[in-house]
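Novice: Quick one, my_file.cif (mmCIF, C-alpha atoms):
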data_protein
#
loop_
_atom_site.label_atom_id
_atom_site.label_comp_id
_atom_site.auth_asym_id
_atom_site.auth_seq_id
_atom_site.Cartn_x
_atom_site.Cartn_y
_atom_site.Cartn_z
CA MET A 1 -21.11 -30.73 -22.20
CA GLU A 2 -21.58 -30.07 -25.91
CA GLY A 3 -25.13 -28.88 -25.41
CA ALA A 4 -24.11 -26.50 -22.64
CA LEU A 5 -21.32 -25.04 -24.78
CA ARG A 6 -23.59 -24.59 -27.80
CA GLN A 7 -26.26 -22.90 -25.67
CA PHE A 8 -23.70 -20.53 -24.23
CA PHE A 9 -22.34 -19.62 -27.66
CA ALA A 10 -25.88 -18.94 -28.86
CA SER A 11 -26.43 -16.65 -25.87
CA ARG A 12 -23.50 -14.46 -27.00
CA ALA A 13 -24.76 -14.06 -30.58
CA ALA A 14 -26.59 -10.75 -30.11
CA VAL A 15 -23.53 -9.02 -28.66
CA ILE A 16 -21.31 -10.41 -31.42
CA GLU A 17 -23.68 -9.18 -34.13
CA THR A 18 -23.76 -5.72 -32.56
CA VAL A 19 -20.00 -5.37 -33.01
CA GLY A 20 -20.32 -6.21 -36.71
CA GLY A 21 -17.50 -6.18 -39.24
CA GLY A 22 -15.67 -9.49 -39.43
CA TYR A 23 -16.08 -10.22 -35.73
CA ARG A 24 -18.80 -12.81 -36.28
CA GLU A 25 -16.52 -14.81 -38.61
CA ALA A 26 -13.64 -14.60 -36.17
CA VAL A 27 -15.76 -15.77 -33.25
CA THR A 28 -17.15 -18.59 -35.38
CA ALA A 29 -13.58 -19.84 -35.82
CA LEU A 30 -13.17 -19.96 -32.02
CA GLU A 31 -16.49 -21.73 -31.57
CA SER A 32 -15.54 -24.30 -34.22
CA PHE A 33 -12.20 -24.82 -32.47
CA VAL A 34 -13.98 -25.58 -29.20
CA LEU A 35 -16.71 -27.79 -30.67
CA ARG A 36 -14.73 -29.81 -33.20
CA GLY A 37 -13.10 -32.09 -30.66
CA GLY A 38 -11.01 -32.45 -27.57
CA LYS A 39 -11.12 -34.94 -24.75
CA ARG A 40 -13.23 -32.75 -22.39
CA VAL A 41 -11.00 -33.98 -19.56
CA ARG A 42 -11.46 -30.97 -17.30
CA PRO A 43 -15.26 -30.70 -17.43
CA THR A 44 -15.56 -34.47 -17.06
CA PHE A 45 -13.45 -34.55 -13.90
CA ALA A 46 -15.33 -31.59 -12.42
CA TRP A 47 -18.70 -33.24 -13.12
CA THR A 48 -17.52 -36.62 -11.84
CA GLY A 49 -16.05 -34.97 -8.75
CA TRP A 50 -19.45 -33.41 -8.07
CA LEU A 51 -21.17 -36.78 -8.48
CA GLY A 52 -18.63 -38.45 -6.20
CA ALA A 53 -19.25 -35.81 -3.56
CA GLY A 54 -22.96 -36.57 -3.55
CA GLY A 55 -24.23 -34.46 -6.44
CA ASP A 56 -27.55 -35.59 -7.89
CA PRO A 57 -27.64 -35.60 -11.72
CA GLU A 58 -31.45 -35.48 -11.55
CA GLY A 59 -31.54 -32.73 -8.93
CA PRO A 60 -32.61 -29.10 -9.38
CA ASP A 61 -29.04 -27.77 -9.49
CA ALA A 62 -27.69 -30.30 -12.03
CA GLU A 63 -28.13 -28.05 -15.07
CA ALA A 64 -26.31 -25.17 -13.39
CA VAL A 65 -23.46 -27.45 -12.31
CA LEU A 66 -23.18 -28.92 -15.81
CA GLN A 67 -22.80 -25.45 -17.35
CA ALA A 68 -20.26 -24.46 -14.71
CA CYS A 69 -18.25 -27.62 -15.41
CA ALA A 70 -18.42 -27.00 -19.16
CA SER A 71 -16.92 -23.54 -18.68
CA LEU A 72 -13.60 -25.26 -18.00
CA GLU A 73 -13.46 -26.16 -21.69
CA LEU A 74 -13.23 -22.47 -22.51
CA VAL A 75 -10.28 -22.07 -20.13
CA GLN A 76 -8.68 -24.94 -22.01
CA ALA A 77 -9.47 -23.37 -25.39
CA GLY A 78 -7.85 -20.09 -24.41
CA ALA A 79 -4.78 -21.88 -23.10
CA LEU A 80 -4.43 -23.99 -26.25
CA VAL A 81 -4.82 -21.06 -28.66
CA HIS A 82 -2.12 -19.13 -26.81
CA ASP A 83 0.07 -22.22 -26.34
CA ASP A 84 0.03 -22.89 -30.09
CA ILE A 85 1.39 -19.38 -30.72
CA ILE A 86 4.10 -19.83 -28.10
CA ASP A 87 5.12 -23.21 -29.55
CA ALA A 88 4.71 -22.12 -33.19
CA SER A 89 2.49 -25.17 -33.70
CA THR A 90 0.86 -25.46 -37.11
CA THR A 91 -1.85 -28.05 -36.43
CA ARG A 92 -4.21 -28.88 -33.57
CA ARG A 93 -6.65 -31.82 -33.62
CA GLY A 94 -5.85 -32.35 -37.30
CA PHE A 95 -6.72 -28.76 -38.30
CA PRO A 96 -4.61 -25.62 -38.77
CA THR A 97 -4.04 -23.80 -35.48
CA ILE A 98 -5.97 -20.56 -35.01
CA HIS A 99 -2.99 -18.30 -35.76
CA VAL A 100 -2.21 -20.26 -38.91
CA GLU A 101 -5.88 -20.13 -39.99
CA PHE A 102 -6.00 -16.35 -39.66
CA GLY A 103 -2.62 -15.94 -41.34
CA GLU A 104 -4.08 -17.78 -44.32
CA LEU A 105 -7.16 -15.54 -44.23
CA HIS A 106 -4.84 -12.53 -44.48
CA ARG A 107 -3.04 -14.02 -47.50
CA ARG A 108 -6.25 -14.94 -49.33
CA SER A 109 -7.68 -11.50 -48.71
CA GLY A 110 -4.59 -9.65 -49.97
CA TRP A 111 -4.47 -7.47 -46.86
CA ARG A 112 -1.60 -5.19 -45.92
CA GLY A 113 1.16 -6.15 -43.51
CA ARG A 114 2.54 -9.55 -42.56
CA PRO A 115 0.10 -12.48 -42.53
CA GLU A 116 1.95 -14.10 -39.63
CA GLN A 117 1.61 -11.03 -37.43
CA PHE A 118 -2.08 -10.72 -38.18
CA GLY A 119 -2.63 -14.42 -37.50
CA GLU A 120 -0.92 -14.25 -34.12
CA SER A 121 -2.70 -11.02 -33.17
CA ALA A 122 -6.12 -12.48 -34.04
CA ALA A 123 -5.34 -15.69 -32.13
CA ILE A 124 -4.25 -13.76 -29.03
CA LEU A 125 -7.55 -11.89 -29.04
CA LEU A 126 -9.61 -15.04 -29.55
CA GLY A 127 -7.71 -16.83 -26.81
CA ASP A 128 -8.46 -13.87 -24.54
CA LEU A 129 -12.12 -14.07 -25.55
CA ALA A 130 -12.24 -17.74 -24.59
CA LEU A 131 -10.88 -16.91 -21.13
CA VAL A 132 -13.36 -14.06 -20.71
CA TRP A 133 -16.20 -16.30 -21.82
CA ALA A 134 -15.13 -18.99 -19.35
CA ASP A 135 -15.81 -16.48 -16.55
CA ASP A 136 -19.10 -15.46 -18.14
CA MET A 137 -20.20 -19.07 -18.53
CA LEU A 138 -19.35 -19.94 -14.93
CA HIS A 139 -21.06 -16.90 -13.42
CA SER A 140 -24.17 -17.14 -15.61
CA ALA A 141 -24.71 -20.82 -14.82
CA GLY A 142 -27.26 -20.15 -12.09
CA LEU A 143 -25.29 -21.48 -9.13
CA ALA A 144 -26.55 -20.44 -5.71
CA PRO A 145 -24.77 -17.34 -4.29
CA GLU A 146 -23.21 -19.35 -1.46
CA VAL A 147 -21.80 -21.84 -4.00
CA VAL A 148 -20.36 -19.02 -6.10
CA ALA A 149 -18.69 -17.63 -2.97
CA ARG A 150 -17.05 -21.02 -2.31
CA VAL A 151 -16.06 -21.54 -5.93
CA THR A 152 -14.50 -18.13 -6.63
CA PRO A 153 -11.19 -18.60 -4.74
CA VAL A 154 -10.67 -22.06 -6.27
CA TRP A 155 -11.42 -20.74 -9.76
CA SER A 156 -9.02 -17.83 -9.21
CA ALA A 157 -6.24 -20.08 -7.92
CA MET A 158 -6.64 -22.45 -10.88
CA ARG A 159 -6.28 -19.67 -13.47
CA THR A 160 -3.29 -18.13 -11.67
CA GLU A 161 -1.56 -21.50 -11.41
CA VAL A 162 -1.95 -22.42 -15.07
CA LEU A 163 -0.53 -19.09 -16.22
CA GLY A 164 2.33 -19.52 -13.75
CA GLY A 165 2.99 -22.98 -15.12
CA GLN A 166 3.00 -21.62 -18.66
CA TYR A 167 5.53 -18.97 -17.64
CA LEU A 168 7.76 -21.57 -15.97
CA ASP A 169 7.56 -23.59 -19.19
CA ILE A 170 8.79 -20.82 -21.49
CA ALA A 171 11.38 -19.64 -18.96
CA GLY A 172 12.71 -23.18 -18.65
CA GLU A 173 13.10 -23.41 -22.42
CA VAL A 174 15.11 -20.22 -22.85
CA ALA A 175 17.20 -20.90 -19.73
CA ALA A 176 17.76 -24.47 -20.99
CA ASP A 177 16.93 -25.83 -17.54
CA GLU A 178 17.67 -29.54 -17.82
CA SER A 179 16.56 -30.74 -14.39
CA VAL A 180 13.82 -33.26 -13.74
CA GLU A 181 12.66 -31.07 -10.82
CA SER A 182 12.02 -28.10 -13.11
CA ALA A 183 10.13 -30.23 -15.62
CA MET A 184 7.97 -31.72 -12.87
CA ARG A 185 7.22 -28.24 -11.48
CA VAL A 186 5.99 -27.14 -14.90
CA ASN A 187 3.88 -30.30 -15.15
CA ARG A 188 2.42 -29.67 -11.71
CA TYR A 189 1.18 -26.17 -12.44
CA LYS A 190 0.79 -25.98 -16.20
CA THR A 191 -1.14 -29.24 -16.46
CA ALA A 192 -1.88 -31.30 -13.34
CA ALA A 193 -3.43 -28.50 -11.26
CA TYR A 194 -5.88 -27.22 -13.84
CA THR A 195 -6.48 -30.46 -15.71
CA ILE A 196 -7.58 -32.71 -12.87
CA GLU A 197 -6.78 -31.43 -9.36
CA ARG A 198 -8.64 -28.11 -9.52
CA PRO A 199 -11.56 -29.42 -11.63
CA LEU A 200 -12.11 -32.10 -8.96
CA HIS A 201 -11.75 -29.43 -6.29
CA LEU A 202 -14.41 -27.37 -8.07
CA GLY A 203 -16.72 -30.37 -8.34
CA ALA A 204 -16.36 -31.02 -4.63
CA VAL A 205 -17.05 -27.37 -3.81
CA PHE A 206 -20.16 -27.37 -6.04
CA ALA A 207 -21.45 -30.21 -3.85
CA GLY A 208 -20.44 -28.64 -0.53
CA ALA A 209 -17.93 -31.42 0.27
CA ASP A 210 -15.96 -31.41 3.53
CA ASP A 211 -12.22 -30.72 3.78
CA ASP A 212 -11.29 -34.40 4.04
CA LEU A 213 -12.84 -35.25 0.67
CA ILE A 214 -11.38 -32.12 -0.92
CA ASP A 215 -7.91 -33.11 0.33
CA ALA A 216 -8.33 -36.66 -1.02
CA TYR A 217 -9.55 -35.34 -4.35
CA ARG A 218 -6.57 -32.99 -4.60
CA ARG A 219 -4.08 -35.77 -3.86
CA PHE A 220 -5.79 -38.00 -6.41
CA GLY A 221 -5.97 -35.15 -8.93
CA THR A 222 -2.33 -34.19 -8.57
CA GLY A 223 -1.15 -37.76 -9.12
CA ILE A 224 -3.38 -38.41 -12.12
CA GLY A 225 -2.69 -34.93 -13.51
CA LEU A 226 1.06 -35.51 -13.42
CA ALA A 227 0.64 -38.96 -14.95
CA PHE A 228 -1.57 -37.40 -17.65
CA GLN A 229 1.19 -34.93 -18.57
CA LEU A 230 3.87 -37.61 -18.56
CA ARG A 231 1.74 -39.57 -21.03
CA ASP A 232 1.45 -36.38 -23.07
CA ASP A 233 5.25 -36.05 -23.04
CA LEU A 234 5.56 -39.54 -24.51
CA LEU A 235 2.91 -38.82 -27.14
CA GLY A 236 4.66 -35.58 -28.06
CA VAL A 237 7.63 -37.66 -29.24
CA PHE A 238 6.21 -41.07 -30.08
CA GLY A 239 2.55 -40.34 -30.90
CA ASP A 240 0.98 -41.16 -34.25
CA PRO A 241 0.08 -37.88 -36.04
CA GLU A 242 -3.02 -39.56 -37.50
CA VAL A 243 -4.25 -40.13 -33.95
CA THR A 244 -2.86 -37.13 -32.03
CA GLY A 245 -3.61 -34.53 -34.72
CA LYS A 246 -0.13 -33.02 -34.22
CA PRO A 247 3.12 -33.51 -36.18
CA SER A 248 5.31 -36.30 -34.88
CA GLY A 249 8.20 -35.09 -32.72
CA ASP A 250 6.63 -31.65 -32.24
CA ASP A 251 7.86 -31.36 -28.64
CA LEU A 252 11.46 -31.97 -29.75
CA ARG A 253 11.28 -29.29 -32.43
CA ALA A 254 9.62 -26.87 -30.02
CA GLY A 255 12.43 -27.33 -27.48
CA LYS A 256 10.23 -28.72 -24.70
CA ARG A 257 12.25 -29.53 -21.57
CA THR A 258 10.04 -32.44 -20.56
CA VAL A 259 10.61 -35.03 -17.85
CA LEU A 260 11.31 -37.54 -20.65
CA TYR A 261 14.06 -35.30 -22.02
CA ALA A 262 15.49 -34.54 -18.54
CA LEU A 263 15.67 -38.22 -17.57
CA ALA A 264 17.33 -39.10 -20.88
CA LEU A 265 19.88 -36.33 -20.53
CA ALA A 266 20.76 -37.32 -16.95
CA ALA A 267 21.32 -40.90 -18.09
CA ALA A 268 23.37 -39.78 -21.10
CA ASP A 269 25.56 -37.49 -18.99
CA ALA A 270 26.35 -40.46 -16.77
CA SER A 271 27.07 -43.05 -19.44
CA ASP A 272 26.93 -41.79 -23.05
CA PRO A 273 28.50 -38.38 -23.84
CA ALA A 274 27.71 -38.72 -27.55
CA ALA A 275 24.02 -39.21 -26.82
CA ALA A 276 24.09 -36.22 -24.45
CA GLU A 277 25.61 -34.06 -27.17
CA LEU A 278 22.99 -35.24 -29.66
CA LEU A 279 20.14 -34.37 -27.30
CA ARG A 280 21.51 -30.94 -26.41
CA THR A 281 22.23 -29.90 -29.99
CA SER A 282 19.00 -31.30 -31.45
CA ILE A 283 16.25 -30.04 -29.16
CA GLY A 284 14.55 -26.88 -30.36
CA THR A 285 15.78 -27.22 -33.97
CA ASP A 286 13.98 -27.95 -37.23
CA LEU A 287 14.48 -31.71 -37.13
CA SER A 288 13.86 -33.94 -40.13
CA ASP A 289 11.76 -37.07 -39.72
CA ALA A 290 14.94 -39.16 -39.83
CA GLU A 291 16.49 -37.08 -37.04
CA VAL A 292 13.35 -37.48 -34.94
CA GLU A 293 13.58 -41.24 -35.41
CA ARG A 294 17.21 -41.22 -34.26
CA ILE A 295 16.34 -39.27 -31.10
CA ARG A 296 13.43 -41.62 -30.39
CA ALA A 297 15.84 -44.56 -30.52
CA VAL A 298 18.24 -42.79 -28.14
CA LEU A 299 15.44 -42.04 -25.66
CA VAL A 300 14.54 -45.73 -25.60
CA GLU A 301 18.17 -46.92 -25.40
CA LEU A 302 18.88 -44.61 -22.45
CA GLY A 303 15.93 -46.10 -20.54
CA ALA A 304 14.11 -42.75 -20.31
CA VAL A 305 10.89 -44.09 -21.80
CA ALA A 306 10.78 -46.97 -19.32
CA ARG A 307 11.43 -44.57 -16.42
CA VAL A 308 8.57 -42.32 -17.49
CA GLU A 309 6.25 -45.34 -17.69
CA ASP A 310 7.36 -46.32 -14.18
CA ARG A 311 6.53 -42.82 -12.92
CA ILE A 312 3.10 -42.97 -14.53
CA ASP A 313 2.41 -46.28 -12.79
CA ALA A 314 3.63 -45.02 -9.40
CA LEU A 315 1.66 -41.78 -9.59
CA THR A 316 -1.47 -43.64 -10.63
CA ALA A 317 -1.12 -46.14 -7.78
CA ASP A 318 -0.71 -43.36 -5.20
CA ALA A 319 -3.70 -41.52 -6.63
CA PHE A 320 -5.89 -44.61 -6.44
CA GLU A 321 -4.85 -45.15 -2.82
CA ALA A 322 -6.05 -41.61 -2.01
CA LEU A 323 -9.31 -42.19 -3.86
CA ASP A 324 -10.01 -45.59 -2.32
CA SER A 325 -9.62 -44.25 1.23
CA SER A 326 -11.71 -41.14 0.55
CA GLY A 327 -15.33 -40.46 1.46
CA ALA A 328 -16.43 -40.28 -2.19
CA THR A 329 -19.43 -42.37 -3.16
CA GLU A 330 -18.68 -45.84 -4.53
CA ALA A 331 -20.26 -44.91 -7.85
CA GLY A 332 -18.12 -41.77 -7.96
CA LYS A 333 -14.97 -43.76 -7.22
CA GLU A 334 -15.68 -46.12 -10.10
CA LEU A 335 -16.24 -43.24 -12.50
CA LEU A 336 -13.06 -41.51 -11.35
CA ARG A 337 -11.00 -44.68 -11.72
CA ALA A 338 -12.27 -45.12 -15.26
CA SER A 339 -11.59 -41.48 -16.14
CA ALA A 340 -8.12 -41.68 -14.63
CA LEU A 341 -7.19 -44.78 -16.61
CA ALA A 342 -8.50 -43.20 -19.80
CA ALA A 343 -6.38 -40.11 -19.14
CA THR A 344 -3.15 -41.94 -18.36
CA ARG A 345 -3.32 -44.77 -20.91
CA ARG A 346 -4.52 -42.79 -23.88
CA VAL A 347 -2.95 -42.75 -27.36
CA ALA A 348 -3.97 -39.19 -28.29
#
Before we go any further, please render this structure as C-alpha cells.
Specialist:
Amino acid sequence: MEGALRQFFASRAAVIETVGGGYREAVTALESFVLRGGKRVRPTFAWTGWLGAGGDPEGPDAEAVLQACASLELVQAGALVHDDIIDASTTRRGFPTIHVEFGELHRRSGWRGRPEQFGESAAILLGDLALVWADDMLHSAGLAPEVVARVTPVWSAMRTEVLGGQYLDIAGEVAADESVESAMRVNRYKTAAYTIERPLHLGAVFAGADDDLIDAYRRFGTGIGLAFQLRDDLLGVFGDPEVTGKPSGDDLRAGKRTVLYALALAAADASDPAAAELLRTSIGTDLSDAEVERIRAVLVELGAVARVEDRIDALTADAFEALDSSGATEAGKELLRASALAATRRVA
C-alpha cells in the first residue's frame, strides 16, 4: 500500500510544481499526513476481500487492484482532515492536526488575519484534495473498463454514505440526541459502511464475485465495522494518549453522542439521577483530567462499558457466522478473521 501511495504522489508532482507558490509545501504536508501512519484498515479489507473472492496476487491485474485499494486511504485522509476541524482536535497520530499545523505556519510567518481561520481554510482545501486524488488514484489504476463500470456505483454509494454519516454525527451533537438508535445509525454510515463493508464490497467487485458472496461480505463488514467503531468509542474515553496519538477523553470534550454515552445515560436515567446530571452537563465542555477520570468511573459503574463490550462480542460473532457460511476461499476467510480481530480488539 505504501509503495502505491508514494508512486501516486510522485505522479502528481509535475502538476503541483506548475501551480507554484507555496502549493508544493502545502501538498507535502498532506502527503506526510497520509504516509506517517494509520492502520490502513480500508485498503487492507478491500485487498483481502479481493483475495477471498478469488483474486490472484501474482496475476496480471494485481498491481491495478492494489492501487485501487490504496486509493481508499485518500478517502480516509480527506475524512480525517475535515473531521479534525469539525471536532476541533489538536493532535492526530501524535502530531498536530493539519489545521493546527497551518495555523502555526501563519503565526510563524507573521501573515495578516487570524491564524485559526487560515489553518482551517488550508485544511479544508487539503482534505478536498485528498478526496479528489482518491478518485484520480482509483481511475488511473488500470482496471479493465468492465471492472470500472461495476465499481463506480459502489464507490459512489460509499462516499455518499460516509458524508451522510458525518452529517448525522454533527446534527446529533447539536440536537443533543441521546438515543442509542441515533448513535448506532451514525456508526453504521460514518464508520462501518466505508471502513469495512464497502471496502469488502469493492474487493468482491474487483474480482467479479457473485451476489451471494457480496451479500455475505456486506453482512460481515457491517458487523465488524460497527464493532470497530464501538471499540473506537471506548478508546476515545479510555485510550492511552501515548498509544492512540489523541488526548485522553477527547470524545467527551468534543460532545460525541456515542453508543457508550447513550447506554450510560439510559442506565443513569433509570437508577442514578446524579450521574445523569453529571453526564449531561459535562459532555462537550472543556473537561480537566480529573473530571475525565470521574466520568470514566461513572461509565464503568453504570455498566455502560460492559454493555459495549457485549455488543462488540455479539456483532463479531454474527459477522463470523456470515463469513464462515460464505463462498470466500478458505485462505481469504482466515485473513478476514485475523483482520477483523485486529480491528475490534485494538488498543489504538
Novice: In the coordinates of the file, take the point (-13.6, -31.0, -4.1) and a cut-off of 9 Å; then, counting all atoms listed in the file, name each qualifying protein, DNA or RNA residue as number ranges by chain.
Specialist: A: 46, 49-50, 53, 197-211, 213-218
Novice: Counting only C-alpha atoms, what is within 8 Å of Gly37 (chain A), bar same-chain residues fewer than 3 positions away, as a PyMOL selection string?
Specialist: chain A and resi 33-34+93
Novice: At a cut-off of 8 Å, can you tabulate as a Markdown table every residue of region 295-341 of chain A near region 255-269 of chain A together with its closest atom pair and the distance in Å to one decimal, using all atoms listed in the file and ordering rows by chain then number?
Specialist:
| residue | atom | partner | partner_atom | distance |
| --- | --- | --- | --- | --- |
| A:Leu299 | CA | A:Ala264 | CA | 5.9 |
| A:Leu302 | CA | A:Ala264 | CA | 5.9 |
| A:Gly303 | CA | A:Ala264 | CA | 7.1 |
| A:Ala304 | CA | A:Ala264 | CA | 4.9 |
| A:Val305 | CA | A:Leu260 | CA | 6.7 |
| A:Arg307 | CA | A:Leu263 | CA | 7.7 |
| A:Val308 | CA | A:Leu260 | CA | 6.4 |
Novice: Any idea what the distance is between CA of Arg24 (chain A) and CA of Gly103 (chain A)?
Specialist: 17.2 Å
Novice: Could you check how far CA of Glu291 (chain A) sits from CA of Ala88 (chain A), in Å to one decimal?
Specialist: 19.4 Å
Novice: Looking at A:Thr281, A:Thr191, A:Thr97, A:Ser140, which one is nearest to Gln67 (chain A), with distances taken over all atoms listed in the file?
Specialist: A:Ser140
Novice: With all atoms listed in the file as the counted atoms, please give the residues lying no more than 9 Å from Leu252 (chain A), apart from itself and same-chain residues fewer than 4 positions off, as a PyMOL selection string.
Specialist: chain A and resi 236-237+256-257+261+282-287+292+295
Novice: Around (-23.6, -19.8, -27.6), as given in the file, which residues come within 12 Å? Count only C-alpha atoms and list them as a VMD selection string.
Specialist: chain A and resid 2 to 16 27 to 28 30 to 32 34 to 35 67 71 74 130 133 to 134 136 to 137
Novice: Would you mind reading off the distance between CA of Ser89 (chain A) and CA of Thr44 (chain A), one decimal, in Å?
Specialist: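 Atom-to-atom, CA of Ser89 (chain A) and CA of Thr44 (chain A) are spaced 26.3 Å apart.
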Novice: Let me have the centre and edge lengths of the axis-aligned box enclosing all listed atoms of region 286-293 of chain A with 4 Å padding on every side, in Å to one decimal, as JSON.
Specialist:
{"center_x": 14.1, "center_y": -34.6, "center_z": -37.5, "size_x": 12.7, "size_y": 21.3, "size_z": 13.2}
Novice: Check which residues satisfy the PyMOL selection byres ((chain A and resi 52) around 8) in the file shown, then give them as a ChimeraX atom specification.
Specialist: /A:48-51,53-55,204,328-333
Novice: Which is closest to Thr160 (chain A) among A:Ile224, A:Thr90, A:Val75, A:Asp272, if we use only C-alpha atoms?
Specialist: A:Val75
Novice: Report the residues retrieved by the PyMOL selection byres ((chain A and resi 42) around 7) from the displayed file, expressed as a ChimeraX atom specification.
Specialist: /A:40-41,43-46,72-73,195-196,199
Novice: Return as a PDB file with C-alpha atoms, in the coordinates of the input the set of residues that the PyMOL selection byres ((chain A and resi 124) around 10) yields on the displayed structure.
Specialist:
ATOM      1  CA  GLY A  78      -7.850 -20.090 -24.410  1.00  0.00           C
ATOM      2  CA  VAL A  81      -4.820 -21.060 -28.660  1.00  0.00           C
ATOM      3  CA  HIS A  82      -2.120 -19.130 -26.810  1.00  0.00           C
ATOM      4  CA  ASP A  83       0.070 -22.220 -26.340  1.00  0.00           C
ATOM      5  CA  ILE A  85       1.390 -19.380 -30.720  1.00  0.00           C
ATOM      6  CA  ILE A  98      -5.970 -20.560 -35.010  1.00  0.00           C
ATOM      7  CA  HIS A  99      -2.990 -18.300 -35.760  1.00  0.00           C
ATOM      8  CA  PHE A 118      -2.080 -10.720 -38.180  1.00  0.00           C
ATOM      9  CA  GLY A 119      -2.630 -14.420 -37.500  1.00  0.00           C
ATOM     10  CA  GLU A 120      -0.920 -14.250 -34.120  1.00  0.00           C
ATOM     11  CA  SER A 121      -2.700 -11.020 -33.170  1.00  0.00           C
ATOM     12  CA  ALA A 122      -6.120 -12.480 -34.040  1.00  0.00           C
ATOM     13  CA  ALA A 123      -5.340 -15.690 -32.130  1.00  0.00           C
ATOM     14  CA  LEU A 125      -7.550 -11.890 -29.040  1.00  0.00           C
ATOM     15  CA  LEU A 126      -9.610 -15.040 -29.550  1.00  0.00           C
ATOM     16  CA  GLY A 127      -7.710 -16.830 -26.810  1.00  0.00           C
ATOM     17  CA  ASP A 128      -8.460 -13.870 -24.540  1.00  0.00           C
ATOM     18  CA  LEU A 129     -12.120 -14.070 -25.550  1.00  0.00           C
ATOM     19  CA  ALA A 130     -12.240 -17.740 -24.590  1.00  0.00           C
TER      20      ALA A 130
END
Novice: Counting only C-alpha atoms, figure out which residue out of A:Ala342, A:Val298, A:Asp251, A:Arg188 gets nearest to Ala276 (chain A).
Specialist: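 Closest residue, counting only C-alpha atoms: A:Val298.
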Novice: Please determine, counting only C-alpha atoms, which residue among A:Asp56, A:Glu309, A:Asp169, A:Asp87 has the shortest atom-to-atom distance to Val186 (chain A).
Specialist: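 Counting only C-alpha atoms, the residue closest to Val186 (chain A) is A:Asp169.
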